[in-house]
Amino acid sequence: MIINVARKELKSMFASPMGWVILALLMFAFGTYYLNGINDYFAVMSGAMRPAERTGVTQFVGQIVYGFASFMVLFAVPLLSMRLISEERRSQTLPFLFSAPISLTEIVLGKFLGLVAFLSILVVYIGLMLSTLNIWADIDFGFIIANSIGLLLMVASFSALGLYFSSMTQQPVIAAILTFIALFALMFLDRFFAGDPSNTLASLSLTRHFQSFLGGLIDTADIAYFVLFIATFLTLTVRRLDADRLRG
């Protein structure tokens, strides 16, 4: 049943003009940064730099593209997640969803996986785009894999938070605004507490936990953080819907 719900959400996103517009704009932006990264690489590395000081093309271009991608999904996810549940509430179809022979957990997981699957297209697109560097240079595929995993975890975390705020209101616009504000704060918490890196709130920054992936490293502590973040907000969403069902 989870797969059926996810398939339904995925089809609805492809049926929506907004989904296609967001995909097209982000792909164009990522492609532009990719080409600019290559141009910058040749401009920087062709100078009077000693070979030992030169950076690999995968790391140089990849950090530019993946760093930009992790920021741009901040704008895409609120727009895509805002209707997942709030639209059901506004159109008063939520009671029918509750009466369906499917658990609330399956409903939430299905909607979550549908959104993540849609956004995964961008992760695959970036990975394939960077892989084309292999045509003329030896590239570090491990770096691309690490960054793809990190970006996918970041996207999944954003989606879980967006789904939660979508369950809190019947106004999609309000859900999008709340999601954006929360994600913006969580992404830049480490900058707000730059003077005290050991601060507990700073350690909750999504950007801080993405940095290891951006460097080409897969840190189990960062993976655990993202998994717990996702599980927390999916659980909160299920509890929110369960409270709505009990109230009738």
# chains A, B, ... in the order shown; residues from 1 in each chain; ligands from 1
$ closest_atom_pairs --of "region 73-157 of chain A" --to "region 24-39 of chain A" --cutoff "9 Å" --atoms "only C-alpha atoms" --output "tab-separated table"
residue	atom	partner	partner_atom	distance
A:Val73	CA	A:Leu26	CA	8.6
A:Ala76	CA	A:Leu26	CA	8.5
A:Leu122	CA	A:Met27	CA	7.1
A:Tyr125	CA	A:Met27	CA	7.7
A:Ile126	CA	A:Phe30	CA	7.3
A:Met129	CA	A:Gly31	CA	7.9
A:Leu130	CA	A:Tyr34	CA	7.8
$ select_by_dssp --residues "region 110-150 of chain A" --states "alpha helix (DSSP H)" --output "JSON list (two decimals) with all heavy atoms, in the first residue's frame"
[["chain", "number", "residue", "atom", "x", "y", "z"],
["A", 110, "GLY", "N", 4.03, 6.77, 2.34],
["A", 110, "GLY", "CA", 3.78, 6.80, 0.90],
["A", 110, "GLY", "C", 3.95, 8.19, 0.32],
["A", 110, "GLY", "O", 4.60, 8.38, -0.72],
["A", 111, "LYS", "N", 3.38, 9.18, 0.98],
["A", 111, "LYS", "CA", 3.51, 10.56, 0.51],
["A", 111, "LYS", "C", 4.96, 11.02, 0.59],
["A", 111, "LYS", "O", 5.46, 11.73, -0.30],
["A", 111, "LYS", "CB", 2.61, 11.48, 1.35],
["A", 111, "LYS", "CG", 1.11, 11.31, 1.06],
["A", 111, "LYS", "CD", 0.26, 12.23, 1.90],
["A", 111, "LYS", "CE", -1.21, 12.16, 1.51],
["A", 111, "LYS", "NZ", -1.47, 12.72, 0.16],
["A", 112, "PHE", "N", 5.63, 10.64, 1.67],
["A", 112, "PHE", "CA", 7.04, 11.00, 1.84],
["A", 112, "PHE", "C", 7.90, 10.39, 0.73],
["A", 112, "PHE", "O", 8.72, 11.08, 0.11],
["A", 112, "PHE", "CB", 7.52, 10.52, 3.21],
["A", 112, "PHE", "CG", 9.00, 10.57, 3.41],
["A", 112, "PHE", "CD1", 9.66, 11.78, 3.60],
["A", 112, "PHE", "CD2", 9.76, 9.40, 3.41],
["A", 112, "PHE", "CE1", 11.03, 11.82, 3.78],
["A", 112, "PHE", "CE2", 11.12, 9.43, 3.59],
["A", 112, "PHE", "CZ", 11.77, 10.65, 3.78],
["A", 113, "LEU", "N", 7.73, 9.11, 0.47],
["A", 113, "LEU", "CA", 8.53, 8.44, -0.55],
["A", 113, "LEU", "C", 8.22, 8.97, -1.95],
["A", 113, "LEU", "O", 9.11, 9.03, -2.81],
["A", 113, "LEU", "CB", 8.29, 6.92, -0.50],
["A", 113, "LEU", "CG", 8.83, 6.21, 0.75],
["A", 113, "LEU", "CD1", 8.45, 4.73, 0.72],
["A", 113, "LEU", "CD2", 10.34, 6.36, 0.84],
["A", 114, "GLY", "N", 6.97, 9.34, -2.19],
["A", 114, "GLY", "CA", 6.62, 9.92, -3.49],
["A", 114, "GLY", "C", 7.37, 11.22, -3.74],
["A", 114, "GLY", "O", 7.90, 11.44, -4.84],
["A", 115, "LEU", "N", 7.42, 12.07, -2.73],
["A", 115, "LEU", "CA", 8.14, 13.34, -2.87],
["A", 115, "LEU", "C", 9.64, 13.12, -3.01],
["A", 115, "LEU", "O", 10.29, 13.75, -3.85],
["A", 115, "LEU", "CB", 7.85, 14.23, -1.65],
["A", 115, "LEU", "CG", 8.58, 15.58, -1.59],
["A", 115, "LEU", "CD1", 8.29, 16.40, -2.83],
["A", 115, "LEU", "CD2", 8.18, 16.35, -0.34],
["A", 116, "VAL", "N", 10.19, 12.22, -2.20],
["A", 116, "VAL", "CA", 11.63, 11.95, -2.27],
["A", 116, "VAL", "C", 12.00, 11.35, -3.63],
["A", 116, "VAL", "O", 13.04, 11.68, -4.21],
["A", 116, "VAL", "CB", 12.06, 11.01, -1.12],
["A", 116, "VAL", "CG1", 13.50, 10.56, -1.31],
["A", 116, "VAL", "CG2", 11.91, 11.71, 0.23],
["A", 117, "ALA", "N", 11.15, 10.47, -4.14],
["A", 117, "ALA", "CA", 11.40, 9.87, -5.45],
["A", 117, "ALA", "C", 11.44, 10.93, -6.54],
["A", 117, "ALA", "O", 12.27, 10.89, -7.46],
["A", 117, "ALA", "CB", 10.34, 8.81, -5.76],
["A", 118, "PHE", "N", 10.53, 11.90, -6.45],
["A", 118, "PHE", "CA", 10.50, 12.99, -7.43],
["A", 118, "PHE", "C", 11.78, 13.81, -7.36],
["A", 118, "PHE", "O", 12.39, 14.12, -8.39],
["A", 118, "PHE", "CB", 9.27, 13.87, -7.17],
["A", 118, "PHE", "CG", 9.09, 14.96, -8.17],
["A", 118, "PHE", "CD1", 8.53, 14.71, -9.41],
["A", 118, "PHE", "CD2", 9.49, 16.27, -7.89],
["A", 118, "PHE", "CE1", 8.36, 15.72, -10.34],
["A", 118, "PHE", "CE2", 9.33, 17.29, -8.80],
["A", 118, "PHE", "CZ", 8.76, 17.01, -10.04],
["A", 119, "LEU", "N", 12.20, 14.17, -6.16],
["A", 119, "LEU", "CA", 13.40, 14.98, -5.99],
["A", 119, "LEU", "C", 14.67, 14.19, -6.27],
["A", 119, "LEU", "O", 15.71, 14.78, -6.57],
["A", 119, "LEU", "CB", 13.44, 15.55, -4.58],
["A", 119, "LEU", "CG", 12.36, 16.60, -4.26],
["A", 119, "LEU", "CD1", 12.29, 16.88, -2.77],
["A", 119, "LEU", "CD2", 12.63, 17.89, -5.03],
["A", 120, "SER", "N", 14.59, 12.86, -6.19],
["A", 120, "SER", "CA", 15.76, 12.03, -6.48],
["A", 120, "SER", "C", 16.18, 12.17, -7.94],
["A", 120, "SER", "O", 17.34, 11.89, -8.28],
["A", 120, "SER", "CB", 15.46, 10.57, -6.17],
["A", 120, "SER", "OG", 15.24, 10.38, -4.79],
["A", 121, "ILE", "N", 15.25, 12.59, -8.77],
["A", 121, "ILE", "CA", 15.58, 12.83, -10.18],
["A", 121, "ILE", "C", 16.72, 13.84, -10.28],
["A", 121, "ILE", "O", 17.63, 13.71, -11.10],
["A", 121, "ILE", "CB", 14.35, 13.31, -10.96],
["A", 121, "ILE", "CG1", 13.27, 12.24, -10.97],
["A", 121, "ILE", "CG2", 14.71, 13.71, -12.39],
["A", 121, "ILE", "CD1", 11.95, 12.70, -11.55],
["A", 122, "LEU", "N", 16.68, 14.86, -9.43],
["A", 122, "LEU", "CA", 17.71, 15.89, -9.44],
["A", 122, "LEU", "C", 19.05, 15.34, -8.96],
["A", 122, "LEU", "O", 20.10, 15.70, -9.49],
["A", 122, "LEU", "CB", 17.28, 17.07, -8.57],
["A", 122, "LEU", "CG", 16.04, 17.83, -9.03],
["A", 122, "LEU", "CD1", 15.60, 18.83, -7.97],
["A", 122, "LEU", "CD2", 16.32, 18.55, -10.36],
["A", 123, "VAL", "N", 19.00, 14.47, -7.95],
["A", 123, "VAL", "CA", 20.24, 13.86, -7.43],
["A", 123, "VAL", "C", 20.89, 13.01, -8.52],
["A", 123, "VAL", "O", 22.11, 13.08, -8.73],
["A", 123, "VAL", "CB", 19.94, 13.02, -6.18],
["A", 123, "VAL", "CG1", 21.22, 12.39, -5.65],
["A", 123, "VAL", "CG2", 19.30, 13.88, -5.09],
["A", 124, "VAL", "N", 20.08, 12.21, -9.21],
["A", 124, "VAL", "CA", 20.61, 11.37, -10.29],
["A", 124, "VAL", "C", 21.13, 12.24, -11.43],
["A", 124, "VAL", "O", 22.20, 11.96, -12.01],
["A", 124, "VAL", "CB", 19.51, 10.42, -10.81],
["A", 124, "VAL", "CG1", 20.00, 9.65, -12.03],
["A", 124, "VAL", "CG2", 19.10, 9.44, -9.70],
["A", 125, "TYR", "N", 20.42, 13.30, -11.73],
["A", 125, "TYR", "CA", 20.83, 14.22, -12.81],
["A", 125, "TYR", "C", 22.21, 14.82, -12.53],
["A", 125, "TYR", "O", 23.07, 14.86, -13.41],
["A", 125, "TYR", "CB", 19.78, 15.32, -12.94],
["A", 125, "TYR", "CG", 20.16, 16.47, -13.84],
["A", 125, "TYR", "CD1", 20.14, 16.33, -15.22],
["A", 125, "TYR", "CD2", 20.54, 17.70, -13.30],
["A", 125, "TYR", "CE1", 20.48, 17.40, -16.04],
["A", 125, "TYR", "CE2", 20.88, 18.77, -14.11],
["A", 125, "TYR", "CZ", 20.85, 18.61, -15.48],
["A", 125, "TYR", "OH", 21.20, 19.66, -16.30],
["A", 126, "ILE", "N", 22.42, 15.27, -11.30],
["A", 126, "ILE", "CA", 23.71, 15.86, -10.95],
["A", 126, "ILE", "C", 24.82, 14.81, -11.03],
["A", 126, "ILE", "O", 25.92, 15.08, -11.54],
["A", 126, "ILE", "CB", 23.66, 16.48, -9.53],
["A", 126, "ILE", "CG1", 22.70, 17.67, -9.52],
["A", 126, "ILE", "CG2", 25.05, 16.93, -9.08],
["A", 126, "ILE", "CD1", 22.47, 18.24, -8.14],
["A", 127, "GLY", "N", 24.53, 13.61, -10.52],
["A", 127, "GLY", "CA", 25.53, 12.54, -10.56],
["A", 127, "GLY", "C", 25.93, 12.19, -11.99],
["A", 127, "GLY", "O", 27.12, 12.03, -12.30],
["A", 128, "LEU", "N", 24.94, 12.07, -12.87],
["A", 128, "LEU", "CA", 25.23, 11.76, -14.28],
["A", 128, "LEU", "C", 25.98, 12.90, -14.96],
["A", 128, "LEU", "O", 26.89, 12.68, -15.77],
["A", 128, "LEU", "CB", 23.92, 11.47, -15.03],
["A", 128, "LEU", "CG", 23.18, 10.20, -14.62],
["A", 128, "LEU", "CD1", 21.85, 10.10, -15.37],
["A", 128, "LEU", "CD2", 24.03, 8.96, -14.89],
["A", 129, "MET", "N", 25.60, 14.11, -14.61],
["A", 129, "MET", "CA", 26.26, 15.28, -15.21],
["A", 129, "MET", "C", 27.74, 15.33, -14.84],
["A", 129, "MET", "O", 28.61, 15.55, -15.69],
["A", 129, "MET", "CB", 25.55, 16.55, -14.75],
["A", 129, "MET", "CG", 26.02, 17.83, -15.40],
["A", 129, "MET", "SD", 24.89, 19.20, -15.00],
["A", 129, "MET", "CE", 24.96, 19.18, -13.19],
["A", 130, "LEU", "N", 28.04, 15.10, -13.57],
["A", 130, "LEU", "CA", 29.44, 15.11, -13.13],
["A", 130, "LEU", "C", 30.20, 13.91, -13.67],
["A", 130, "LEU", "O", 31.42, 13.99, -13.86],
["A", 130, "LEU", "CB", 29.50, 15.14, -11.60],
["A", 130, "LEU", "CG", 29.07, 16.44, -10.95],
["A", 130, "LEU", "CD1", 28.96, 16.28, -9.43],
["A", 130, "LEU", "CD2", 30.06, 17.57, -11.27],
["A", 131, "SER", "N", 29.50, 12.81, -13.91],
["A", 131, "SER", "CA", 30.16, 11.62, -14.45],
["A", 131, "SER", "C", 30.67, 11.85, -15.87],
["A", 131, "SER", "O", 31.58, 11.15, -16.32],
["A", 131, "SER", "CB", 29.20, 10.42, -14.43],
["A", 131, "SER", "OG", 28.85, 10.09, -13.11],
["A", 141, "PHE", "N", 34.85, 8.78, -8.56],
["A", 141, "PHE", "CA", 33.45, 8.38, -8.47],
["A", 141, "PHE", "C", 33.01, 8.24, -7.01],
["A", 141, "PHE", "O", 31.83, 8.39, -6.68],
["A", 141, "PHE", "CB", 33.21, 7.07, -9.22],
["A", 141, "PHE", "CG", 33.15, 7.24, -10.71],
["A", 141, "PHE", "CD1", 34.23, 6.91, -11.50],
["A", 141, "PHE", "CD2", 32.01, 7.75, -11.31],
["A", 141, "PHE", "CE1", 34.17, 7.07, -12.88],
["A", 141, "PHE", "CE2", 31.94, 7.91, -12.69],
["A", 141, "PHE", "CZ", 33.02, 7.57, -13.48],
["A", 142, "GLY", "N", 33.96, 7.93, -6.12],
["A", 142, "GLY", "CA", 33.64, 7.85, -4.70],
["A", 142, "GLY", "C", 33.15, 9.18, -4.17],
["A", 142, "GLY", "O", 32.24, 9.24, -3.33],
["A", 143, "PHE", "N", 33.76, 10.27, -4.65],
["A", 143, "PHE", "CA", 33.34, 11.61, -4.26],
["A", 143, "PHE", "C", 31.90, 11.88, -4.70],
["A", 143, "PHE", "O", 31.09, 12.42, -3.95],
["A", 143, "PHE", "CB", 34.29, 12.64, -4.87],
["A", 143, "PHE", "CG", 33.95, 14.07, -4.55],
["A", 143, "PHE", "CD1", 34.43, 14.68, -3.41],
["A", 143, "PHE", "CD2", 33.13, 14.81, -5.40],
["A", 143, "PHE", "CE1", 34.12, 16.00, -3.11],
["A", 143, "PHE", "CE2", 32.81, 16.12, -5.12],
["A", 143, "PHE", "CZ", 33.31, 16.72, -3.97],
["A", 144, "ILE", "N", 31.58, 11.48, -5.93],
["A", 144, "ILE", "CA", 30.23, 11.69, -6.46],
["A", 144, "ILE", "C", 29.21, 10.87, -5.68],
["A", 144, "ILE", "O", 28.13, 11.36, -5.34],
["A", 144, "ILE", "CB", 30.18, 11.34, -7.96],
["A", 144, "ILE", "CG1", 31.09, 12.28, -8.76],
["A", 144, "ILE", "CG2", 28.75, 11.40, -8.48],
["A", 144, "ILE", "CD1", 31.18, 11.95, -10.23],
["A", 145, "ILE", "N", 29.55, 9.62, -5.36],
["A", 145, "ILE", "CA", 28.64, 8.76, -4.61],
["A", 145, "ILE", "C", 28.39, 9.32, -3.21],
["A", 145, "ILE", "O", 27.25, 9.37, -2.74],
["A", 145, "ILE", "CB", 29.21, 7.32, -4.53],
["A", 145, "ILE", "CG1", 29.21, 6.68, -5.92],
["A", 145, "ILE", "CG2", 28.40, 6.48, -3.55],
["A", 145, "ILE", "CD1", 29.92, 5.34, -5.98],
["A", 146, "ALA", "N", 29.47, 9.75, -2.54],
["A", 146, "ALA", "CA", 29.33, 10.31, -1.18],
["A", 146, "ALA", "C", 28.44, 11.55, -1.19],
["A", 146, "ALA", "O", 27.55, 11.70, -0.34],
["A", 146, "ALA", "CB", 30.71, 10.65, -0.61],
["A", 147, "ASN", "N", 28.65, 12.43, -2.15],
["A", 147, "ASN", "CA", 27.84, 13.65, -2.24],
["A", 147, "ASN", "C", 26.40, 13.34, -2.62],
["A", 147, "ASN", "O", 25.47, 14.01, -2.14],
["A", 147, "ASN", "CB", 28.45, 14.61, -3.25],
["A", 147, "ASN", "CG", 29.52, 15.49, -2.64],
["A", 147, "ASN", "OD1", 29.25, 16.57, -2.14],
["A", 147, "ASN", "ND2", 30.76, 15.02, -2.66],
["A", 148, "SER", "N", 26.20, 12.34, -3.47],
["A", 148, "SER", "CA", 24.84, 11.96, -3.86],
["A", 148, "SER", "C", 24.07, 11.42, -2.66],
["A", 148, "SER", "O", 22.89, 11.74, -2.46],
["A", 148, "SER", "CB", 24.88, 10.91, -4.98],
["A", 148, "SER", "OG", 25.47, 11.44, -6.16],
["A", 149, "ILE", "N", 24.74, 10.61, -1.85],
["A", 149, "ILE", "CA", 24.11, 10.08, -0.63],
["A", 149, "ILE", "C", 23.77, 11.23, 0.32],
["A", 149, "ILE", "O", 22.67, 11.29, 0.87],
["A", 149, "ILE", "CB", 25.03, 9.06, 0.06],
["A", 149, "ILE", "CG1", 25.18, 7.81, -0.81],
["A", 149, "ILE", "CG2", 24.48, 8.69, 1.44],
["A", 149, "ILE", "CD1", 26.19, 6.81, -0.28],
["A", 150, "GLY", "N", 24.72, 12.15, 0.50],
["A", 150, "GLY", "CA", 24.48, 13.28, 1.38],
["A", 150, "GLY", "C", 23.34, 14.16, 0.90],
["A", 150, "GLY", "O", 22.49, 14.58, 1.71]]
$ closest_residue --among "A:Met1, A:Leu104, A:Ala182, A:Val61" --to "Asp140 (chain A)" --atoms "only C-alpha atoms"
A:Val61
$ closest_residue --among "A:Leu133, A:Leu217, A:Leu163, A:Ile174" --to "Gly56 (chain A)" --atoms "only C-alpha atoms"
A:Leu133
$ residues_around --residues "His209 (chain A)" --least-positions-apart "3" --cutoff "10 Å" --atoms "only C-alpha atoms" --output "MDAnalysis selection string"
chainID A and resid 150 154 187 203:206 212:214 219 221:226
$ write_last_selection --atoms "N, CA and C atoms" --output "CSV table (one decimal), in the first residue's frame"
chain,number,residue,atom,x,y,z
A,150,GLY,N,24.7,12.1,0.5
A,150,GLY,CA,24.5,13.3,1.4
A,150,GLY,C,23.3,14.2,0.9
A,154,MET,N,19.8,14.9,2.7
A,154,MET,CA,19.3,16.3,2.9
A,154,MET,C,17.9,16.5,2.3
A,187,MET,N,19.3,25.2,8.6
A,187,MET,CA,20.5,25.1,7.7
A,187,MET,C,21.6,26.0,8.2
A,203,SER,N,25.1,22.2,16.7
A,203,SER,CA,25.3,20.9,16.2
A,203,SER,C,24.0,20.3,15.5
A,204,LEU,N,22.9,21.0,15.6
A,204,LEU,CA,21.7,20.6,14.9
A,204,LEU,C,21.6,21.1,13.5
A,205,SER,N,22.5,21.9,13.1
A,205,SER,CA,22.5,22.5,11.7
A,205,SER,C,22.6,21.4,10.7
A,206,LEU,N,21.7,21.5,9.7
A,206,LEU,CA,21.7,20.5,8.6
A,206,LEU,C,22.9,20.7,7.7
A,212,SER,N,30.6,16.9,5.7
A,212,SER,CA,31.4,15.8,5.5
A,212,SER,C,31.2,15.1,4.1
A,213,PHE,N,29.9,15.0,3.7
A,213,PHE,CA,29.6,14.5,2.4
A,213,PHE,C,30.2,15.4,1.3
A,214,LEU,N,30.1,16.7,1.5
A,214,LEU,CA,30.6,17.6,0.5
A,214,LEU,C,32.1,17.5,0.4
A,219,ASP,N,30.2,9.9,6.8
A,219,ASP,CA,30.4,9.8,8.3
A,219,ASP,C,29.1,9.2,8.8
A,221,ALA,N,28.0,9.2,11.8
A,221,ALA,CA,27.3,10.1,12.8
A,221,ALA,C,26.4,11.0,12.0
A,222,ASP,N,26.8,11.5,10.9
A,222,ASP,CA,26.0,12.4,10.1
A,222,ASP,C,24.8,11.6,9.5
A,223,ILE,N,25.0,10.4,9.0
A,223,ILE,CA,23.9,9.6,8.5
A,223,ILE,C,22.9,9.4,9.6
A,224,ALA,N,23.4,9.0,10.8
A,224,ALA,CA,22.5,8.8,12.0
A,224,ALA,C,21.7,10.1,12.3
A,225,TYR,N,22.3,11.2,12.2
A,225,TYR,CA,21.6,12.5,12.4
A,225,TYR,C,20.4,12.7,11.4
A,226,PHE,N,20.7,12.5,10.1
A,226,PHE,CA,19.7,12.6,9.1
A,226,PHE,C,18.6,11.6,9.3
$ closest_residue --among "A:Ile64, A:Met18, A:Leu161, A:Val57" --to "Asn134 (chain A)" --atoms "only C-alpha atoms"
A:Val57
$ atom_distance --atom1 "CA of Glu87 (chain A)" --atom2 "CA of Ser167 (chain A)"
9.3 Å
$ residues_around --residues "Asp244 (chain A)" --least-positions-apart "5" --cutoff "10 Å" --atoms "only C-alpha atoms" --output "PyMOL selection string"
chain A and resi 94-95+98+167-168+238-239
$ residues_around --residues "Thr235 (chain A)" --least-positions-apart "5" --cutoff "9 Å" --atoms "only C-alpha atoms" --output "VMD selection string"
chain A and resid 105 108 164 230 240
$ write_last_selection --atoms "all heavy atoms" --output "mmCIF file, in the first residue's frame"
data_model
loop_
_atom_site.group_PDB
_atom_site.id
_atom_site.type_symbol
_atom_site.label_atom_id
_atom_site.label_comp_id
_atom_site.auth_asym_id
_atom_site.auth_seq_id
_atom_site.Cartn_x
_atom_site.Cartn_y
_atom_site.Cartn_z
ATOM 1 N N THR A 105 0.460 5.432 9.161
ATOM 2 C CA THR A 105 1.897 5.308 8.899
ATOM 3 C C THR A 105 2.159 5.043 7.423
ATOM 4 O O THR A 105 3.066 5.628 6.821
ATOM 5 C CB THR A 105 2.503 4.178 9.743
ATOM 6 O OG1 THR A 105 2.286 4.454 11.131
ATOM 7 C CG2 THR A 105 4.005 4.057 9.484
ATOM 8 N N VAL A 108 1.530 8.310 5.430
ATOM 9 C CA VAL A 108 2.620 9.281 5.583
ATOM 10 C C VAL A 108 3.866 8.807 4.846
ATOM 11 O O VAL A 108 4.511 9.584 4.125
ATOM 12 C CB VAL A 108 2.924 9.504 7.084
ATOM 13 C CG1 VAL A 108 4.197 10.328 7.248
ATOM 14 C CG2 VAL A 108 1.755 10.207 7.755
ATOM 15 N N TYR A 164 5.456 17.414 7.539
ATOM 16 C CA TYR A 164 4.927 17.704 8.875
ATOM 17 C C TYR A 164 4.163 19.031 8.894
ATOM 18 O O TYR A 164 3.036 19.106 9.399
ATOM 19 C CB TYR A 164 6.065 17.737 9.890
ATOM 20 C CG TYR A 164 5.645 18.239 11.255
ATOM 21 C CD1 TYR A 164 4.751 17.521 12.037
ATOM 22 C CD2 TYR A 164 6.117 19.453 11.747
ATOM 23 C CE1 TYR A 164 4.343 17.990 13.282
ATOM 24 C CE2 TYR A 164 5.726 19.926 12.984
ATOM 25 C CZ TYR A 164 4.836 19.191 13.753
ATOM 26 O OH TYR A 164 4.433 19.657 14.977
ATOM 27 N N ILE A 230 14.678 12.544 10.016
ATOM 28 C CA ILE A 230 13.576 12.087 9.166
ATOM 29 C C ILE A 230 12.548 11.319 9.982
ATOM 30 O O ILE A 230 11.336 11.563 9.888
ATOM 31 C CB ILE A 230 14.123 11.205 8.020
ATOM 32 C CG1 ILE A 230 14.995 12.048 7.074
ATOM 33 C CG2 ILE A 230 12.983 10.556 7.245
ATOM 34 C CD1 ILE A 230 15.832 11.215 6.120
ATOM 35 N N ARG A 240 0.146 13.710 14.429
ATOM 36 C CA ARG A 240 -0.738 14.843 14.107
ATOM 37 C C ARG A 240 -1.999 14.351 13.403
ATOM 38 O O ARG A 240 -3.110 14.753 13.754
ATOM 39 C CB ARG A 240 0.014 15.842 13.231
ATOM 40 C CG ARG A 240 -0.838 16.925 12.608
ATOM 41 C CD ARG A 240 -1.377 17.883 13.640
ATOM 42 N NE ARG A 240 -2.214 18.888 13.010
ATOM 43 C CZ ARG A 240 -2.786 19.876 13.661
ATOM 44 N NH1 ARG A 240 -2.607 19.991 14.968
ATOM 45 N NH2 ARG A 240 -3.524 20.766 13.042
#
$ closest_residue --among "A:Arg191, A:Lys8, A:Arg90, A:Arg83" --to "Thr179 (chain A)" --atoms "only C-alpha atoms"
A:Arg83
$ decode --residues "region 13-31 of chain A" --atoms "N, CA and C atoms" --output "CSV table (one decimal), in the first residue's frame"
chain,number,residue,atom,x,y,z
A,13,MET,N,2.6,14.8,-9.0
A,13,MET,CA,3.6,15.8,-9.2
A,13,MET,C,4.0,15.9,-10.7
A,14,PHE,N,4.0,14.8,-11.4
A,14,PHE,CA,4.3,14.9,-12.8
A,14,PHE,C,3.1,15.5,-13.6
A,15,ALA,N,1.9,15.4,-13.1
A,15,ALA,CA,0.8,16.0,-13.7
A,15,ALA,C,0.6,17.4,-13.4
A,16,SER,N,1.4,17.9,-12.4
A,16,SER,CA,1.3,19.3,-12.1
A,16,SER,C,2.3,20.2,-12.8
A,17,PRO,N,1.9,21.3,-13.4
A,17,PRO,CA,2.9,22.2,-14.1
A,17,PRO,C,4.0,22.7,-13.2
A,18,MET,N,3.6,22.9,-11.9
A,18,MET,CA,4.6,23.3,-10.9
A,18,MET,C,5.8,22.3,-10.8
A,19,GLY,N,5.5,21.1,-10.8
A,19,GLY,CA,6.5,20.0,-10.7
A,19,GLY,C,7.5,20.1,-11.9
A,20,TRP,N,7.0,20.3,-13.1
A,20,TRP,CA,7.8,20.3,-14.3
A,20,TRP,C,8.6,21.6,-14.3
A,21,VAL,N,8.0,22.7,-13.9
A,21,VAL,CA,8.7,24.0,-13.9
A,21,VAL,C,9.9,24.0,-12.9
A,22,ILE,N,9.6,23.4,-11.7
A,22,ILE,CA,10.7,23.3,-10.7
A,22,ILE,C,11.8,22.4,-11.2
A,23,LEU,N,11.5,21.3,-11.8
A,23,LEU,CA,12.5,20.4,-12.3
A,23,LEU,C,13.3,21.1,-13.4
A,24,ALA,N,12.7,21.8,-14.3
A,24,ALA,CA,13.3,22.5,-15.4
A,24,ALA,C,14.3,23.6,-14.9
A,25,LEU,N,13.8,24.4,-14.0
A,25,LEU,CA,14.6,25.5,-13.5
A,25,LEU,C,15.8,25.0,-12.7
A,26,LEU,N,15.6,24.0,-11.9
A,26,LEU,CA,16.7,23.5,-11.1
A,26,LEU,C,17.8,22.8,-12.0
A,27,MET,N,17.3,22.0,-13.0
A,27,MET,CA,18.2,21.4,-13.9
A,27,MET,C,19.0,22.4,-14.7
A,28,PHE,N,18.3,23.5,-15.1
A,28,PHE,CA,19.0,24.5,-15.8
A,28,PHE,C,20.1,25.2,-14.9
A,29,ALA,N,19.7,25.5,-13.7
A,29,ALA,CA,20.6,26.1,-12.7
A,29,ALA,C,21.8,25.2,-12.4
A,30,PHE,N,21.6,23.9,-12.2
A,30,PHE,CA,22.7,23.0,-11.9
A,30,PHE,C,23.6,22.9,-13.1
A,31,GLY,N,23.0,22.8,-14.3
A,31,GLY,CA,23.8,22.8,-15.5
A,31,GLY,C,24.7,24.0,-15.7
